[in-house]
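Below is one structure, written out as structure tokens, with a few remarks after it.
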Amino acid sequence: MIISFHYNIGNQGIFHNSIMFVKKALFAVPNSKSLPIGLVARFSSATGDIGVTVNDKTGVATVKLQRAPVNSLNTGFLKNIESTLDSLEKEKARGLILTSGLPKIFTAGLDILELYNCTTESLTTFWTQLQSTWLKLHATSFPSVALINGHAPGAGCQLAMSCEYRIMLGPKYTIGLNETKMGIIAPFWFVDTMIDTLGPRQAELALTSGKLFTSSEALKVGLIDEEVGSEEEGVAKAEAFLSQYATIPGTARKLTKLMIREKTISNLVKNKDKDLKNVIDLITSAQVQKGLGLYLQSLKKK
Ligand SMILES: CCCCCCCC/C=C\CC(=O)SCCNC(=O)CCNC(=O)[C@H](O)C(C)(C)COP(=O)(O)OP(=O)(O)OC[C@H]1O[C@@H](n2cnc3c(N)ncnc32)[C@H](O)[C@@H]1OP(=O)(O)O
């Protein structure tokens with residue numbers, strides 16, 4: 001039997017033997033701030049929608065991200081993702097398949113509207129939430145698979161790298177940390193995560209060039225573990241990966257994962273304030289703001 005839900009922040013009891021469908025009602029212009037000439041504010045859900053389907057035979061939860069148009073990560077959506085993971089942990093989920101409910105996009109990374117024309121206060125709220133959501137995903141007690149069924153630039157790649165296994169739908173989509181291309185730099189914990197995934201040599205090449213890898217390039221450098229031709233194939237491979245843990249004692253598995261991830265996790269935990277200060281200094285600078293405005297314009301001109 002499959003139990004499915006769509007929910008916003010703070011859902012509990014996800015394994016209840018009933019179907020719950022909570023649709024988001026709030027729509028908001030993410031930021032009522034001035035945009036560069038020619039740009040109009042787009043309407044998108046403030047918190048996004050998250051579809052959760054739990055297979056009650058295996059205990060594996062499929063979490064589908066849905067924040068049109070491109071699953072960009074703003075404060076509300078990140079909070080929603082963190083609450084979802086929290087609930088899954090409390091309900092002792094046996095595994096996670098993290099994927100997108102939108103066509104063509106896994107997630108477009110950070111919502112650039114959270115960075116552009118921000119105040120120190122709004123940026124602090126946003127960045128603190130990003131740190132918190134990432135820490136939750138990176139250290140989940142259950143095994144996790146990213147089923148990357150669309151583009152995954154920037155923080156989209158970061159979310160995928162934080163899952164234990166990555167399966168990507170080929171051949172049209174790209175994945176990578178593209179910050180340098182935008183004239184900004186990836187925070188140290190993105191860098192740490194990429195080094196953990198690719199090793200220092202490939203991480204340096206990827207990060208300095210802001211490379212967006214095709215699925216076959218990503219497979220070659222180890223950024224993903226498998227490339228698939230269809231979503232169905234991806235789901236089957238994800239389930240097969242997770243099924244190997246059915247016979248492994250959960251605590252032994254979890255402690256081993258945390259031991260391996262400890263250095264990267266504690267580097268952020270110990271340096272959260274420093275990280276935030278770096279971000280505020282860089283993002284609020286006139287030069288970066290100008291660059292972000294131009295980048296937003298270029299996206300809208302396409
Ligand atoms: C010292 C340490 C300092 C640290 C500093 C901060 C570091 C920042 C860290 C992380 C970086 C990020 O995650 S930044 C974001 C990276 N992401 C991108 O660059 C992706 C940009 N988007 C695209 O390439 C494409 O949109 C797409 C490939 C994802 C999808 O293409 P498609 O053709 O399907 O869609 P459109 O391009 O037409 O987009 C539709 C719509 O969405 C808007 N959009 C797209 N991406 C974003 C985004 N990331 N944030 C906000 N808005 C986005 C786009 O402008 C379109 O809007 P309109 O419909 O209004 O035109």
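Naming works like this for the structure tokens: A, B, ... for the chains as they're shown, residue 1 at the start of each chain, ligands 1 onward in shown order.
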Could you give me, as a Markdown table, a per-residue list for chain A showing, wherever an atom lies at most 7 Å from an atom of ligand 1, the closest pair of atoms and their distance in Å to one decimal, using only C-alpha atoms and all ligand atoms and sorting by chain then residue number from low to high?
| residue | atom | partner | partner_atom_place_in_ligand_line | distance |
| --- | --- | --- | --- | --- |
| A:Val40 | CA | ligand 1 | 60 (O) | 6.7 |
| A:Ala41 | CA | ligand 1 | 60 (O) | 6.6 |
| A:Arg42 | CA | ligand 1 | 60 (O) | 4.8 |
| A:Pro69 | CA | ligand 1 | 42 (O) | 5.5 |
| A:Val70 | CA | ligand 1 | 42 (O) | 5.5 |
| A:Ser72 | CA | ligand 1 | 49 (N) | 5.2 |
| A:Lys104 | CA | ligand 1 | 34 (O) | 6.6 |
| A:Ile105 | CA | ligand 1 | 29 (C) | 6.2 |
| A:Thr107 | CA | ligand 1 | 29 (C) | 6.8 |
| A:Ala108 | CA | ligand 1 | 29 (C) | 4.2 |
| A:Gly109 | CA | ligand 1 | 13 (O) | 3.7 |
| A:Leu110 | CA | ligand 1 | 13 (O) | 3.8 |
| A:Asp111 | CA | ligand 1 | 50 (N) | 3.5 |
| A:Ile112 | CA | ligand 1 | 50 (N) | 3.9 |
| A:Leu113 | CA | ligand 1 | 51 (C) | 5.5 |
| A:His151 | CA | ligand 1 | 28 (C) | 5.8 |
| A:Pro153 | CA | ligand 1 | 17 (N) | 4.9 |
| A:Gly154 | CA | ligand 1 | 13 (O) | 3.5 |
| A:Ala155 | CA | ligand 1 | 13 (O) | 3.8 |
| A:Gly156 | CA | ligand 1 | 13 (O) | 6.4 |
| A:Asn178 | CA | ligand 1 | 16 (C) | 6.5 |
| A:Glu179 | CA | ligand 1 | 11 (C) | 5.5 |
| A:Ile184 | CA | ligand 1 | 5 (C) | 5.8 |
| A:Ile185 | CA | ligand 1 | 3 (C) | 5.3 |
| A:Ala186 | CA | ligand 1 | 7 (C) | 4.8 |
| A:Pro187 | CA | ligand 1 | 2 (C) | 4.1 |
| A:Phe188 | CA | ligand 1 | 2 (C) | 6.9 |
| A:Asp275 | CA | ligand 1 | 2 (C) | 6.7 |
| A:Asn278 | CA | ligand 1 | 1 (C) | 4.5 |
| A:Val279 | CA | ligand 1 | 3 (C) | 4.2 |
| A:Leu282 | CA | ligand 1 | 3 (C) | 5.8 |
| A:Ile283 | CA | ligand 1 | 5 (C) | 6.1 |
| A:Leu296 | CA | ligand 1 | 55 (O) | 5.8 |
| A:Leu299 | CA | ligand 1 | 55 (O) | 4.6 |
| A:Lys300 | CA | ligand 1 | 61 (O) | 4.1 |
| A:Lys302 | CA | ligand 1 | 38 (O) | 6.4 |
Using C-alpha atoms, can you write the selected residues to a file as a PDB file, in the first residue's frame?
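Dumped everything to again02.pdb:
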ATOM      1  CA  VAL A  40       8.793  42.072 -13.514  1.00  0.00           C
ATOM      2  CA  ALA A  41       8.246  40.189 -10.312  1.00  0.00           C
ATOM      3  CA  ARG A  42       6.961  36.683 -10.975  1.00  0.00           C
ATOM      4  CA  PRO A  69       8.551  27.485 -12.109  1.00  0.00           C
ATOM      5  CA  VAL A  70      12.013  26.059 -11.287  1.00  0.00           C
ATOM      6  CA  SER A  72      14.264  27.713  -6.648  1.00  0.00           C
ATOM      7  CA  LYS A 104      12.951  19.375 -16.572  1.00  0.00           C
ATOM      8  CA  ILE A 105      14.200  20.874 -13.295  1.00  0.00           C
ATOM      9  CA  THR A 107      16.059  22.508  -8.561  1.00  0.00           C
ATOM     10  CA  ALA A 108      17.500  25.705 -10.039  1.00  0.00           C
ATOM     11  CA  GLY A 109      19.419  26.273  -6.795  1.00  0.00           C
ATOM     12  CA  LEU A 110      19.068  29.290  -4.585  1.00  0.00           C
ATOM     13  CA  ASP A 111      16.286  31.703  -5.378  1.00  0.00           C
ATOM     14  CA  ILE A 112      18.336  34.579  -6.714  1.00  0.00           C
ATOM     15  CA  LEU A 113      15.560  36.932  -5.633  1.00  0.00           C
ATOM     16  CA  HIS A 151      18.762  20.507 -14.161  1.00  0.00           C
ATOM     17  CA  PRO A 153      22.789  23.963 -10.792  1.00  0.00           C
ATOM     18  CA  GLY A 154      24.248  25.634  -7.674  1.00  0.00           C
ATOM     19  CA  ALA A 155      22.471  24.668  -4.479  1.00  0.00           C
ATOM     20  CA  GLY A 156      20.506  22.072  -6.511  1.00  0.00           C
ATOM     21  CA  ASN A 178      28.293  27.205 -11.167  1.00  0.00           C
ATOM     22  CA  GLU A 179      28.893  30.055  -8.688  1.00  0.00           C
ATOM     23  CA  ILE A 184      30.324  34.749  -6.734  1.00  0.00           C
ATOM     24  CA  ILE A 185      32.035  31.969  -4.854  1.00  0.00           C
ATOM     25  CA  ALA A 186      30.659  28.799  -3.363  1.00  0.00           C
ATOM     26  CA  PRO A 187      30.618  28.818   0.453  1.00  0.00           C
ATOM     27  CA  PHE A 188      33.253  26.611   2.140  1.00  0.00           C
ATOM     28  CA  ASP A 275      30.002  31.748   7.021  1.00  0.00           C
ATOM     29  CA  ASN A 278      31.246  36.091   4.561  1.00  0.00           C
ATOM     30  CA  VAL A 279      27.956  35.820   2.699  1.00  0.00           C
ATOM     31  CA  LEU A 282      30.035  39.413  -0.447  1.00  0.00           C
ATOM     32  CA  ILE A 283      26.379  39.462  -1.441  1.00  0.00           C
ATOM     33  CA  LEU A 296      18.561  37.791 -13.439  1.00  0.00           C
ATOM     34  CA  LEU A 299      17.635  34.560 -17.370  1.00  0.00           C
ATOM     35  CA  LYS A 300      14.525  36.526 -18.230  1.00  0.00           C
ATOM     36  CA  LYS A 302      16.136  33.833 -22.824  1.00  0.00           C
TER      37      LYS A 302
END
Selection near Phe142 (chain A), 10 Å with only C-alpha atoms, sequence-local residues under 4 positions removed, as a CSV table (one decimal) with C-alpha atoms, in the first residue's frame:
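Ended up saving to around-v1.csv:
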chain,number,residue,atom,x,y,z
A,60,VAL,CA,10.9,4.4,1.8
A,85,LEU,CA,12.9,15.6,6.7
A,88,LEU,CA,10.3,11.5,8.2
A,89,GLU,CA,13.0,11.1,10.8
A,92,LYS,CA,11.4,6.4,11.3
A,93,ALA,CA,11.4,6.4,7.6
A,94,ARG,CA,13.7,3.6,6.2
A,95,GLY,CA,14.9,5.6,3.2
A,96,LEU,CA,14.4,8.7,1.1
A,137,LEU,CA,19.7,16.6,4.8
A,164,GLU,CA,24.2,9.2,-0.3
A,242,LEU,CA,17.9,1.5,-0.7
A,245,TYR,CA,20.0,-1.5,3.8
A,250,GLY,CA,20.1,1.0,11.3
A,251,THR,CA,22.3,2.4,14.1
A,253,ARG,CA,24.7,2.3,9.3
A,254,LYS,CA,23.8,5.8,10.6
A,257,LYS,CA,27.6,7.7,7.8
DSSP on the backbone: what in region 26-138 of chain A comes out strand (DSSP E), as JSON, numbers by chain? {"A": [27, 28, 44, 45, 49, 50, 51, 52, 53, 54, 55, 60, 61, 62, 63, 64, 65, 66, 95, 96, 97, 98, 99, 100]}
Can you tell me, as a list in words, what residues are no more than 9 Å from Gln158 (chain A) when counting only C-alpha atoms, ignoring any on the same chain fewer than 5 positions away?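 Here the answer would be Gly109, Trp134, Ala152, Pro153, Gly176, Leu177, Phe190, Thr193 and Met194 of chain A.
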Rounded to one decimal in Å, what is the spacing between CA of Thr128 (chain A) and CA of Lys270 (chain A)?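 These two atoms are separated by 13.5 Å.
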